[in-house]
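Trainee: Here's a structure for you.
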Number of protein chains: 2
Amino acid sequence: MSNLWQVHTDKFINEKESIMRNGNVYQIANGYMGYRGTLDEFRPDELVGVTLSGIYDQVGEAWREPVNAPNGGFTKVTLDGMEISALSTKITEHRQSLNLENAVFERETGFESRGKILKIKSARFLSADLPHLGVIKYSFTVDKAATVKISTGIDYNIWDLNGPHLLKLTPKQKDGALLVHGVTGETSKRVAVAEAIDVHLGTEVHEDKDKKNLRVIHFDAEAGKTYTFYKYFAVFTDNDPVKTSVSEAAIKTVREAKACGYDECLSRHNAQWAKKWEYCDVKIGGDDDAQLALRYSIFQLLIVAPVSGSANSIPARALSGQVYKGAIFWDTEMFMFPFFLYTYPEKAVELMRYRIKTLNGARRKAKTEGVGYRGAFYAWESQESGDDACTYFNIGDPFTKRELRTHFRDKQVHISGDIAIAMWEYFKTTDDDSLLLEGGAEVILECARFFYSYAYFKKDKNRYEILDVVGPDEYHERVNNNAFTSMVAKATFEIANAAVKYLKYKHPDKLKALVNKIDIAGELPSFVEAADLLYVPQPDEKTGVIEQFDAYYKLQETTVEALKARMVHPNEYLGAGQGLAVPTKVIKQADVVMMLNLFKDRYSAEIKKANWEYYEPRTEHGSSLSACAYAMVAADIGKLDWAYTYFLKTAKIDIEAKYKVYVGTIFMGGSHPAANGGAWMTAVFGFGGVKADGEQVAINPRLYKKWKYLQFAMVYKGDRFKIKITKHDVAIITDISNKHNHTFIVSGKSVNCEPGKHSLIRYR
Amino acid sequence: MSNLWQVHTDKFINEKESIMRNGNVYQIANGYMGYRGTLDEFRPDELVGVTLSGIYDQVGEAWREPVNAPNGGFTKVTLDGMEISALSTKITEHRQSLNLENAVFERETGFESRGKILKIKSARFLSADLPHLGVIKYSFTVDKAATVKISTGIDYNIWDLNGPHLLKLTPKQKDGALLVHGVTGETSKRVAVAEAIDVHLGTEVHEDKDKKNLRVIHFDAEAGKTYTFYKYFAVFTDNDPVKTSVSEAAIKTVREAKACGYDECLSRHNAQWAKKWEYCDVKIGGDDDAQLALRYSIFQLLIVAPVSGSANSIPARALSGQVYKGAIFWDTEMFMFPFFLYTYPEKAVELMRYRIKTLNGARRKAKTEGVGYRGAFYAWESQESGDDACTYFNIGDPFTKRELRTHFRDKQVHISGDIAIAMWEYFKTTDDDSLLLEGGAEVILECARFFYSYAYFKKDKNRYEILDVVGPDEYHERVNNNAFTSMVAKATFEIANAAVKYLKYKHPDKLKALVNKIDIAGELPSFVEAADLLYVPQPDEKTGVIEQFDAYYKLQETTVEALKARMVHPNEYLGAGQGLAVPTKVIKQADVVMMLNLFKDRYSAEIKKANWEYYEPRTEHGSSLSACAYAMVAADIGKLDWAYTYFLKTAKIDIEAKYKVYVGTIFMGGSHPAANGGAWMTAVFGFGGVKADGEQVAINPRLYKKWKYLQFAMVYKGDRFKIKITKHDVAIITDISNKHNHTFIVSGKSVNCEPGKHSLIRYR
């Protein structure tokens with residue numbers, strides 16, 4: 001297996017910090033659940049976590065967060081009565097790896113205890129074929145004959161940030177399977193974990209001690225012989241459409257998996273992974289560093305893609321734990337969605353279905369926020385119902401020890417537009433209007449309605465304005481006419497108008513039904529007017545710079561370094577009303593530059609360049625979302641060295657895991673799927689120069705000098721393409737099963753892409 | 001002299017705090033300058049201050065503030081070679097008093113030094129007849145023969161908060177007068193202080209030492225004999241319309257005063273004071289405590305009324321020092337102006353002329369604040385040019401030691417409306433349209449223009465809204481639809497429309513000229529529409545309560561006490577974005593209640609009662625402006641005990657001087673003329689129940705139970721009235737010199753008030 005398909009380490013560092021970071025880097029997931037990259041014998045103290053998608057719970061006034069399941073993968077070994085663990089036993093050798101090809105985590109550790117060497121080797125995966133299922137192959141060898149005790153089963157000591165979420169945890173045995181069953185405290189949702197084992201080592205004794213439902217097997221191990229057993233665990237919750245009880249479903253799943261056997265389970269799993277990679281991988285020739293980082297980023301997205309039919313989405317820290325409340329942010333639509341849309345559209349659909357599912361939550365938020373608005377104001381931090389999990393006070397102030405009031409929740413209104421844009425992008429890029437008809441159009445109209453309800457008209461300037469918002473740059477709250485937000489709002493009105501136009505032409509009865517259902521006929525003309533008259537800050541005639549928001553130019557000029565030098569407490573927050581950045585031009589993350597990327601068709605290269613150069617030195621990049629925006633616009637304007645620098649920054653975030661894991665006392669570790677999505681976008685849209693609209697696909701390659709080639713696949717209007725960009729050529733392989741002819745424009749040259757055709761276009 | 005016409009003390013407490021507070025309580029002033037109530041021998045350390053009206057200076061980045069003049073009233077005495085001072089010599093007796101009848105400050109102190117007793121007695125006044133002039137009579141007696149040295153002249157050590165403001169201070173002697181001349185650093189304005197003395201004690205030697213320009217007289221004093229001399233000092237600045245130099249003018253003034261003599265100077269001064277009191281005094285029968293406090297409050301207003309023709313106004317801390325930058329706030333129009341309008345209209349004119357004079361400053365502020373507005377946005381802290389002296393960062397944060405950003409300057413837009421309202425009140429109450437013609441109408445139109453430029457239209461609600469403001473309750477910044485502010489803006493549009501209508505009818509050519517001058521013809525229809533469609537929060541149908549601003553009801557419910565208990569630092573500010581009060585319903589000062597008082601005609605007693613009862617327990621009264629609003633509305637709705645409580649609170653603020661004098665390290669001591677004006681308003685408008693509009697005067701007496709009578713005078717449409725309210729009757733004495741008949745409505749009964757007529761109306 002090539003080094004470009006795995007991450008691995010040969011060291012085990014017995015420190016909390018290292019264990020925690022490895023838990024992130026080596027995590028596996030299958031969209032249904034995530035399993036942190038911890039070792040078999042680890043416990044909650046090592047942040048073992050089986051985080052479930054789409055099921056949440058709140059304890060008292062603490063943050064509402066996803067539920068972690070009991071750990072069905074637990075195994076510990078005793079050698080001649082001594083408990084063996086990486087935490088306490090002398091380690092003679094250690095290797096752990098994560099295979100990106102199929103998301104199999106392996107560990108191999110040699111232990112020395114009282115002169116004997118025990119080697120443990122295990123491999124685990126969460127089935128990509130059967131989302132409830134986890135499978136483990138566990139082997140061990142002793143160098144001298146010894147008495148070995150294997151304790152394996154379900155550890156229902158659960159690591160929670162703000163738990164406990166599972167109450168009435170009950171261990172059971174049934175039909176040879178172990179079971180732990182619990183219910184969430186807030187909404188009494190049942191969660192069951194079952195475990196079955198395929199083992200032939202000796203008599204099994206049941207033990208339930210210290211919140212562990214275990215099988216214990218004592219036996220005498222011969223020297224040099226390798227003993228192996230297979231574990232199957234399954235998780236079910238009341239969110240799953242099960243006919244029987246969640247416990248029965250879990251037991252049935254592990255029994256069937258056991259009957260099926262490890263090899264077959266793995267083979268089915270691998271088959272799914274092969275399909276994923278076929279259309280999702282991106283190859284970079286001649287730059288292994290970038291190749292691995294990018295592939296790891298794509299891997300991170302693939303493991304957390306929601307289960308088909310779940311209408312779940314991807315949280316900001318994916319399934320790597322309960323950080324950020326397991327909430328879905330704008331990250332998903334703006335940073336992850338494009339990857340799925342162009343490679344794996346059935347997952348893009350799921351992300352959008354999540355927003356359709358939570359439309360009523362967004363309506364509730366609109367009604368209750370501020371003076372009350374009409375339409376859909378999506379949650380800044382969205383969980384299963386779409387009600388906002390974001391609190392009004394949420395950043396610890398080290399000076400007063402109080403929580404600071406922020407306006408993330410009530411003023412970051414662009415979220416609704418971000419969703420409308422993604423919804424429309426799906427339709428434009430796929431030509432599939434089913435999503436519009438099953439609720440997407442309703443989402444779009446309700447988002448436009450929200451913006452209209454939020455907007456004011458300035459009579460003496462004959463324009464609408466979007467006032468009092470927080471843009472992506474969260475250091476400047478409650479600003480007026482934020483370019484990004486206003487442009488997103490304008491686009492939302494345009495999309496609403498286009499959706500109405502399309503439905504009127506194509507599905508007039510369904511449009512009529514929708515308009516009646518949400519009683520919006522009288523408001524539609526306003527959307528047309530607003531699309532026309534909504535003010536968006538324009539580039540300065542001389543400098544080309546777009547003012548981020550009203551009177552931004554009047555703010556204090558300083559540098560990020562000078563600003564940070566003024567900090568008197570290392571944890572002081574730079575925003576939130578009185579933060580150090582507030583009176584200055586220093587911004588948290590790409591804002592105007594983010595807009596120039598999102599609406600790249602509407603601005604010239606000169607404008608992009610002027611703004612990139614103006615804002616880049618003023619950007620702190622205090623958010624992991626920032627780098628890719630700067631990378632993509634840099635690529636767009638030919639600043640390829642800068643594009644590459646920011647590309648590596650976004651692509652390496654999770655593989656290097658050098659990010660801050662604690663902010664104050666709050667644990668913030670975990671993966672960054674938005675930055676991962678940003679890495680893919682920078683590769684394909686930035687360096688690849690791919691830009692599709694409803695009409696055609698343009699490719700304007702901007703291959704980085706170090707790269708021999710860039711190879712990727714994409715789906716467009718349901719048809720598939722493989723594209724390879726070299727220094728001088730673009731090769732397009734059109735899938736033989738494609739249904740339509742397509743026109744690609746490669747550096748201005750029109751290329752007819754018929755099904756099965758291979759085209760080679762010289763672009764320079 | 002009755003105790004109800006003076007404040008006095010028989011103690012001298014040799015502590016900085018006491019000396020400072022007495023400096024405030026015993027201050028004298030004459031509109032041109034203030035002289036703090038310090039003793040003759042005191043120096044800058046005792047906060048001796050001669051604060052000038054309308055002349056300002058800034059040193060570096062420090063606060064711009066009024067200029068203090070050298071102290072021409074300085075005298076010290078040496079007894080047998082020992083310097084005598086209340087600060088260092090044993091005091092055998094002490095009495096100091098301030099005569100409210102004529103603003104004469106007197107001190108009488110017995111000192112014991114080496115077995116001898118020296119008694120000093122002095123009296124001083126700042127001439128109400130000749131504003132540049134100060135006059136002192138100084139006497140002393142020894143009980144045993146002794147050698148006495150008198151050092152008297154000009155001390156040009158100057159107490160400054162953010163000085164030094166006078167540079168190149170030069171002492172001179174000329175024609176028997178002493179002179180100190182200096183220039184301000186910022187704008188090189190010359191300031192001269194001259195002193196002349198009428199003395200017959202012995203040979204005078206000149207001395208200039210330690211920044212004191214002095215005459216020194218040694219002589220042998222006989223036992224038991226009283227020696228007296230008279231000092232005259234005068235201050236002139238480049239702000240004064242002098243034909244010669246400021247030095248010559250000052251010397252000429254003191255020489256003429258000396259020639260005139262002490263008695264004649266005093267007599268002319270007293271004559272002016274008699275006139276002032278004739279129409280300004282308010283008598284309260286049967287409540288000496290209230291009587292003295294109210295009279296003292298009126299006295300405070302009379303001493304600082306601007307010199308006629310100066311177009312100066314009254315700063316928030318009057319002439320008691322440089323506190324609050326000597327700046328003019330909304331305090332003047334909303335709290336002091338009514339007193340002058342109803343008792344001393346020629347001073348009300350001066351206050352309004354100040355706003356006409358500073359109109360260009362208000363225009364500059366409108367243009368440069370935020371995105372730039374049209375019209376006149378008056379300074380929150382206004383000095384001589386009308387540019388804003390208020391800084392954006394101005395409250396020390398004890399946690400970070402940084403200055404907090406507040407929005408007093410940029411968002412407290414009601415200031416422009418407050419001024420327009422006062423301007424129009426002047427016209428309505430006096431029938432004198434000269435002020436409108438000399439710039440008042442221009443001010444009104446520019447204020448309306450500003451509000452129009454600031455307002456947004458909400459199309460889906462068909463209304464204008466005033467967004468993003470700070471109302472009187474400064475703890476809640478950047479709120480939308482603040483009832484007070486919106487009502488003030490609406491009134492401004494109404495006033496602009498009424499002014500246009502009046503001028504069109506009465507002075508069509510002047511209207512035309514004005515409309516052309518400021519190019520406003522095209523905007524006038526907008527003002528009519530805005531007056532009609534501007535949204536002002538209305539009383540709740542069930543509770544009658546008016547929501548202070550959008551979503552105020554959603555704020556946390558707590559009490560002032562509970563809130564203060566959460567403070568972790570005694571000096572932490574409760575507002576400014578992250579202050580403790582911000583997320584709660586606790587307000588700094590009357591806001592809705594202030595509006596109900598200002599627009600008392602527009603709301604029923606039920607609405608006033610509902611709001612008074614709702615907001616009163618939620619009000620911290622963190623501003624001295626708050627109490628009188630609660631007092632007046634309490635009187636209006638018949639809660640007379642509450643009205644009385646708040647009346648005493650506002651009336652006693654300066655006579656008791658218990659206010660906080662330091663906020664952090666910032667000296668905040670000084671008088672509170674707005675609260676003083678509030679005391680007068682509570683007496684006459686509140687308990688007296690006087691309400692005049694353009695048509696008639698209504699009197700609805702609400703005499704407090706403890707009071708036998710309430711007697712006051714008023715001017716209405718240029719005619720004068722004396723009114724005495726007893727338990728059952730209202731007596732109205734119409735001045736014989738009045739020019740018109742007027743209709744008074746006393747508790748619903750119409751009374752015809754012809755010139756010279758005495759009416760007695762039984763009201764219950």
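Convention: chains lettered A, B, ... in structure tokens order; per-chain residue numbering from 1; ligands numbered from 1 as shown.
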Residues of chain A were defined as contacting chain B if any atom lay at most 7 Å from it, counting only C-alpha atoms; please report them as a ChimeraX atom specification.
Mentor: /A:370-371,399-400,404-405,456-459,550-551,577-578
Trainee: Could you tell me, as a PyMOL selection string, which residues of segment 492-617 of chain B DSSP assigns to helix (DSSP H, G or I) when given the backbone?
Mentor: chain B and resi 492-506+508-518+521-533+552-554+560-565+592-598+600-602+605-617
Trainee: Just checking: using only C-alpha atoms, which residue out of B:Val323, B:Leu437, B:Ala123, B:Val104 ends up closest to Asp509 of chain B?
Mentor: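 Checking each of B:Val323, B:Leu437, B:Ala123, B:Val104 against Asp509 of chain B, counting only C-alpha atoms, the winner is B:Leu437.
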Trainee: Contacts of Gly176 of chain A at 9 Å or less, counting only C-alpha atoms, minus same-chain residues fewer than 3 places along, as a PyMOL selection string?
Mentor: chain A and resi 173+195-197+255
Trainee: Show which residues sit within 9 Å of Gly54 of chain B, as a PDB file with C-alpha atoms, in the first residue's frame. Count only C-alpha atoms, and ignore same-chain residues fewer than 5 positions away.
Mentor:
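And here's result19.pdb as it stands now:
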ATOM      1  CA  TYR B  32     -19.432  84.883  31.871  1.00  0.00           C
ATOM      2  CA  PRO B  66     -12.967  75.128  28.891  1.00  0.00           C
ATOM      3  CA  VAL B  67     -10.197  77.486  29.844  1.00  0.00           C
ATOM      4  CA  ASN B 239     -14.094  86.027  22.408  1.00  0.00           C
ATOM      5  CA  SER B 310     -22.854  85.903  23.705  1.00  0.00           C
ATOM      6  CA  ALA B 311     -24.715  83.082  21.941  1.00  0.00           C
ATOM      7  CA  ASN B 312     -23.237  80.841  24.583  1.00  0.00           C
ATOM      8  CA  SER B 313     -25.073  78.022  26.260  1.00  0.00           C
ATOM      9  CA  GLY B 326     -17.476  72.179  29.568  1.00  0.00           C
ATOM     10  CA  GLN B 383     -18.281  73.233  22.467  1.00  0.00           C
ATOM     11  CA  GLU B 384     -17.868  76.553  20.687  1.00  0.00           C
TER      12      GLU B 384
END
Trainee: My list of candidates is A:Ile84, A:Ile699, A:Val59, A:Leu574. Which is closest to Thr184 of chain A when distances are computed with only C-alpha atoms?
Mentor: A:Val59
Trainee: For atom CA of Ala221 of chain B and atom CA of Gly73 of chain B, determine how far apart the two atoms are, in Å to one decimal place.
Mentor: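 We find that atom CA of Ala221 of chain B and atom CA of Gly73 of chain B lie 22.5 Å from each other.
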Trainee: If you measure from atom CA of Leu435 of chain B to atom CA of Tyr603 of chain B, what distance in Å do you get, rounded to one decimal?
Mentor: 29.7 Å
Trainee: Which residues come within 9 Å of Lys90 of chain B, counting only C-alpha atoms, excluding same-chain residues fewer than 5 positions away, as a list in words?
Mentor: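 Listing them by chain and then by number gives Ile84, Ser85, Gly110, Phe111, Glu112 and Ser113 of chain B.
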Trainee: For those residues, write C-alpha atoms to a file as a tab-separated table (two decimals), in the first residue's frame.
Mentor:
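Saved as selection_16.tsv:
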chain	number	residue	atom	x	y	z
B	84	ILE	CA	-2.07	82.08	57.84
B	85	SER	CA	-4.22	79.58	56.01
B	110	GLY	CA	-10.69	83.10	63.20
B	111	PHE	CA	-7.11	81.86	63.34
B	112	GLU	CA	-4.85	81.36	66.32
B	113	SER	CA	-1.14	81.66	65.77
Trainee: So that I can check the surroundings of Leu563 of chain B, please list as an NGL selection string every protein, DNA and RNA residue that reaches within 12 Å of it, counting only C-alpha atoms and ignoring chain neighbours fewer than 5 positions away.
Mentor: :B and (556-558 or 568 or 572-575 or 579-587 or 618-620)
Trainee: Give me a file of those residues, with N, CA, C and O atoms, as an mmCIF file, in the first residue's frame.
Mentor:
data_model
loop_
_atom_site.group_PDB
_atom_site.id
_atom_site.type_symbol
_atom_site.label_atom_id
_atom_site.label_comp_id
_atom_site.auth_asym_id
_atom_site.auth_seq_id
_atom_site.Cartn_x
_atom_site.Cartn_y
_atom_site.Cartn_z
ATOM 1 N N GLN B 556 -33.673 40.088 29.826
ATOM 2 C CA GLN B 556 -33.743 39.407 31.114
ATOM 3 C C GLN B 556 -34.429 40.278 32.176
ATOM 4 O O GLN B 556 -34.124 41.464 32.309
ATOM 5 N N GLU B 557 -35.304 39.667 32.929
ATOM 6 C CA GLU B 557 -35.974 40.361 34.023
ATOM 7 C C GLU B 557 -35.076 40.274 35.257
ATOM 8 O O GLU B 557 -34.637 39.184 35.620
ATOM 9 N N THR B 558 -34.781 41.391 35.856
ATOM 10 C CA THR B 558 -33.999 41.356 37.097
ATOM 11 C C THR B 558 -34.258 42.658 37.842
ATOM 12 O O THR B 558 -35.033 43.489 37.382
ATOM 13 N N VAL B 568 -18.439 42.602 39.761
ATOM 14 C CA VAL B 568 -17.242 42.062 40.413
ATOM 15 C C VAL B 568 -16.204 43.158 40.598
ATOM 16 O O VAL B 568 -15.226 42.972 41.300
ATOM 17 N N GLU B 572 -17.117 48.966 37.462
ATOM 18 C CA GLU B 572 -17.453 48.470 36.122
ATOM 19 C C GLU B 572 -18.702 49.168 35.597
ATOM 20 O O GLU B 572 -19.659 49.394 36.320
ATOM 21 N N TYR B 573 -18.627 49.514 34.330
ATOM 22 C CA TYR B 573 -19.739 50.233 33.696
ATOM 23 C C TYR B 573 -20.805 49.223 33.281
ATOM 24 O O TYR B 573 -20.491 48.150 32.783
ATOM 25 N N LEU B 574 -22.055 49.584 33.466
ATOM 26 C CA LEU B 574 -23.130 48.612 33.237
ATOM 27 C C LEU B 574 -23.591 48.539 31.787
ATOM 28 O O LEU B 574 -24.370 47.666 31.422
ATOM 29 N N GLY B 575 -23.113 49.482 30.965
ATOM 30 C CA GLY B 575 -23.536 49.476 29.558
ATOM 31 C C GLY B 575 -22.386 49.135 28.635
ATOM 32 O O GLY B 575 -21.576 48.275 28.936
ATOM 33 N N GLY B 579 -21.738 45.322 29.142
ATOM 34 C CA GLY B 579 -22.014 45.624 30.551
ATOM 35 C C GLY B 579 -23.152 44.775 31.099
ATOM 36 O O GLY B 579 -23.954 44.221 30.341
ATOM 37 N N LEU B 580 -23.194 44.685 32.419
ATOM 38 C CA LEU B 580 -24.161 43.798 33.060
ATOM 39 C C LEU B 580 -25.612 44.155 32.755
ATOM 40 O O LEU B 580 -26.475 43.284 32.714
ATOM 41 N N ALA B 581 -25.887 45.432 32.555
ATOM 42 C CA ALA B 581 -27.285 45.820 32.316
ATOM 43 C C ALA B 581 -27.745 45.500 30.901
ATOM 44 O O ALA B 581 -28.944 45.366 30.652
ATOM 45 N N VAL B 582 -26.807 45.379 29.986
ATOM 46 C CA VAL B 582 -27.153 45.276 28.559
ATOM 47 C C VAL B 582 -28.160 44.154 28.258
ATOM 48 O O VAL B 582 -29.139 44.385 27.558
ATOM 49 N N PRO B 583 -27.921 42.944 28.765
ATOM 50 C CA PRO B 583 -28.899 41.895 28.437
ATOM 51 C C PRO B 583 -30.147 41.917 29.313
ATOM 52 O O PRO B 583 -30.980 41.030 29.202
ATOM 53 N N THR B 584 -30.272 42.912 30.168
ATOM 54 C CA THR B 584 -31.410 42.930 31.097
ATOM 55 C C THR B 584 -32.332 44.112 30.819
ATOM 56 O O THR B 584 -32.014 44.992 30.028
ATOM 57 N N LYS B 585 -33.431 44.137 31.552
ATOM 58 C CA LYS B 585 -34.397 45.232 31.427
ATOM 59 C C LYS B 585 -34.028 46.435 32.299
ATOM 60 O O LYS B 585 -34.764 47.422 32.320
ATOM 61 N N VAL B 586 -32.927 46.331 33.012
ATOM 62 C CA VAL B 586 -32.546 47.462 33.866
ATOM 63 C C VAL B 586 -32.063 48.626 32.996
ATOM 64 O O VAL B 586 -31.203 48.454 32.136
ATOM 65 N N ILE B 587 -32.644 49.793 33.204
ATOM 66 C CA ILE B 587 -32.302 50.951 32.380
ATOM 67 C C ILE B 587 -31.596 52.011 33.218
ATOM 68 O O ILE B 587 -31.748 52.067 34.438
ATOM 69 N N ARG B 618 -37.446 49.388 37.297
ATOM 70 C CA ARG B 618 -36.370 48.898 36.427
ATOM 71 C C ARG B 618 -35.326 49.976 36.150
ATOM 72 O O ARG B 618 -34.434 49.769 35.342
ATOM 73 N N THR B 619 -35.485 51.114 36.803
ATOM 74 C CA THR B 619 -34.603 52.246 36.497
ATOM 75 C C THR B 619 -33.548 52.421 37.572
ATOM 76 O O THR B 619 -33.864 52.478 38.750
ATOM 77 N N GLU B 620 -32.309 52.496 37.123
ATOM 78 C CA GLU B 620 -31.204 52.645 38.071
ATOM 79 C C GLU B 620 -31.022 54.089 38.510
ATOM 80 O O GLU B 620 -30.438 54.353 39.542
#
Trainee: Tell me, as a ChimeraX atom specification, which residues lie within 10 Å of Trp277 of chain A, counting only C-alpha atoms; anything in the same chain fewer than 3 positions away does not count.
Mentor: /A:100-102,272-274,280-282,295,298-299,302,343,713
Trainee: Can you write out the residues you just picked, keeping N, CA, C and O atoms, as a compact mmCIF listing (two decimals), in the first residue's frame?
Mentor:
# COMPACT_ATOMS: atom_id res chain seq x y z
N LEU A 100 -6.53 4.98 3.86
CA LEU A 100 -7.49 5.92 3.28
C LEU A 100 -8.31 5.25 2.17
O LEU A 100 -9.38 5.72 1.82
N GLU A 101 -7.79 4.17 1.66
CA GLU A 101 -8.48 3.49 0.57
C GLU A 101 -9.82 2.92 1.04
O GLU A 101 -10.79 2.93 0.29
N ASN A 102 -9.83 2.41 2.28
CA ASN A 102 -11.06 1.76 2.73
C ASN A 102 -11.41 2.08 4.18
O ASN A 102 -12.23 1.40 4.78
N GLN A 272 -17.73 -0.78 -1.57
CA GLN A 272 -18.31 0.56 -1.46
C GLN A 272 -17.23 1.62 -1.55
O GLN A 272 -17.40 2.66 -2.21
N TRP A 273 -16.13 1.37 -0.89
CA TRP A 273 -15.05 2.36 -0.90
C TRP A 273 -14.42 2.52 -2.29
O TRP A 273 -14.06 3.62 -2.68
N ALA A 274 -14.35 1.42 -2.99
CA ALA A 274 -13.79 1.51 -4.34
C ALA A 274 -14.66 2.44 -5.19
O ALA A 274 -14.15 3.28 -5.95
N CYS A 280 -14.18 10.24 -6.65
CA CYS A 280 -13.88 11.32 -5.70
C CYS A 280 -12.39 11.61 -5.57
O CYS A 280 -12.02 12.68 -5.09
N ASP A 281 -11.58 10.71 -5.98
CA ASP A 281 -10.15 10.93 -5.77
C ASP A 281 -9.64 12.05 -6.69
O ASP A 281 -10.17 12.28 -7.78
N VAL A 282 -8.66 12.74 -6.20
CA VAL A 282 -7.96 13.74 -7.00
C VAL A 282 -6.49 13.37 -6.95
O VAL A 282 -5.95 13.13 -5.86
N ARG A 295 -5.79 14.07 -0.38
CA ARG A 295 -6.54 12.81 -0.31
C ARG A 295 -7.09 12.59 1.09
O ARG A 295 -8.23 12.15 1.26
N ILE A 298 -10.17 14.66 1.37
CA ILE A 298 -11.31 14.04 0.69
C ILE A 298 -11.84 12.87 1.51
O ILE A 298 -13.05 12.71 1.69
N PHE A 299 -10.90 12.10 2.04
CA PHE A 299 -11.26 10.97 2.90
C PHE A 299 -12.15 11.44 4.06
O PHE A 299 -13.16 10.83 4.39
N LEU A 302 -15.55 11.91 2.84
CA LEU A 302 -16.24 10.67 2.46
C LEU A 302 -16.72 9.89 3.68
O LEU A 302 -17.79 9.29 3.65
N THR A 343 -19.04 15.31 -7.19
CA THR A 343 -18.45 13.97 -7.20
C THR A 343 -19.44 12.91 -6.74
O THR A 343 -19.32 11.76 -7.13
N ALA A 713 -12.22 13.57 -11.17
CA ALA A 713 -13.44 13.18 -11.87
C ALA A 713 -14.54 14.15 -11.46
O ALA A 713 -14.45 14.81 -10.43
Trainee: Which value, in Å to one decimal, gives the distance between atom CA of Lys144 of chain A and atom CA of Val77 of chain A?
Mentor: 15.6 Å
Trainee: Which residue out of A:Ala441, A:Lys149, A:Ala327, A:Ser308 has the minimum interatomic distance to Gly386 of chain A when only C-alpha atoms are used?
Mentor: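 Comparing A:Ala441, A:Lys149, A:Ala327, A:Ser308 against Gly386 of chain A, the winner is A:Ala327.
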Trainee: Return as a VMD selection string the full set of residues in segment 203-412 of chain B whose backbone-based DSSP assignment is strand (DSSP E or B).
Mentor: chain B and resid 204 to 209 212 to 221 223 226 to 237 282 to 285 328 382 388 393 to 396 403 to 405
Trainee: Go ahead and write the residues just picked, C-alpha atoms, as a compact mmCIF listing (two decimals), in the first residue's frame.
Mentor:
# COMPACT_ATOMS: atom_id res chain seq x y z
CA GLU B 204 2.85 98.34 48.47
CA VAL B 205 5.73 96.32 47.11
CA HIS B 206 5.37 94.34 43.94
CA GLU B 207 6.30 90.70 43.97
CA ASP B 208 6.23 88.11 41.24
CA LYS B 209 7.08 84.76 42.68
CA LYS B 212 1.78 84.89 41.51
CA ASN B 213 1.62 88.51 40.48
CA LEU B 214 1.19 90.19 43.85
CA ARG B 215 1.25 93.38 45.84
CA VAL B 216 2.78 92.90 49.24
CA ILE B 217 1.95 95.26 52.08
CA HIS B 218 3.69 95.09 55.45
CA PHE B 219 2.29 97.01 58.33
CA ASP B 220 1.73 96.98 62.08
CA ALA B 221 -1.83 96.18 62.96
CA ALA B 223 -5.25 95.27 68.45
CA THR B 226 -10.60 96.17 61.63
CA TYR B 227 -8.70 96.82 58.41
CA THR B 228 -10.47 96.58 55.09
CA PHE B 229 -9.50 96.71 51.46
CA TYR B 230 -11.35 96.12 48.21
CA LYS B 231 -10.24 94.10 45.26
CA TYR B 232 -11.53 94.31 41.71
CA PHE B 233 -10.57 91.81 39.08
CA ALA B 234 -11.64 91.50 35.50
CA VAL B 235 -11.29 88.85 32.81
CA PHE B 236 -11.35 89.45 29.07
CA THR B 237 -10.69 87.11 26.19
CA VAL B 282 -40.75 79.90 43.37
CA LYS B 283 -42.16 79.95 46.88
CA ILE B 284 -43.25 76.83 48.67
CA GLY B 285 -45.31 77.46 51.79
CA ILE B 328 -23.27 71.44 26.15
CA SER B 382 -20.86 70.51 21.98
CA ASP B 388 -18.40 66.92 18.63
CA PHE B 393 -13.97 55.52 23.46
CA ASN B 394 -14.68 57.19 26.72
CA ILE B 395 -15.40 54.92 29.65
CA GLY B 396 -12.55 53.24 31.43
CA GLU B 403 -11.40 52.61 27.15
CA LEU B 404 -14.74 51.16 26.13
CA ARG B 405 -16.38 52.03 22.83
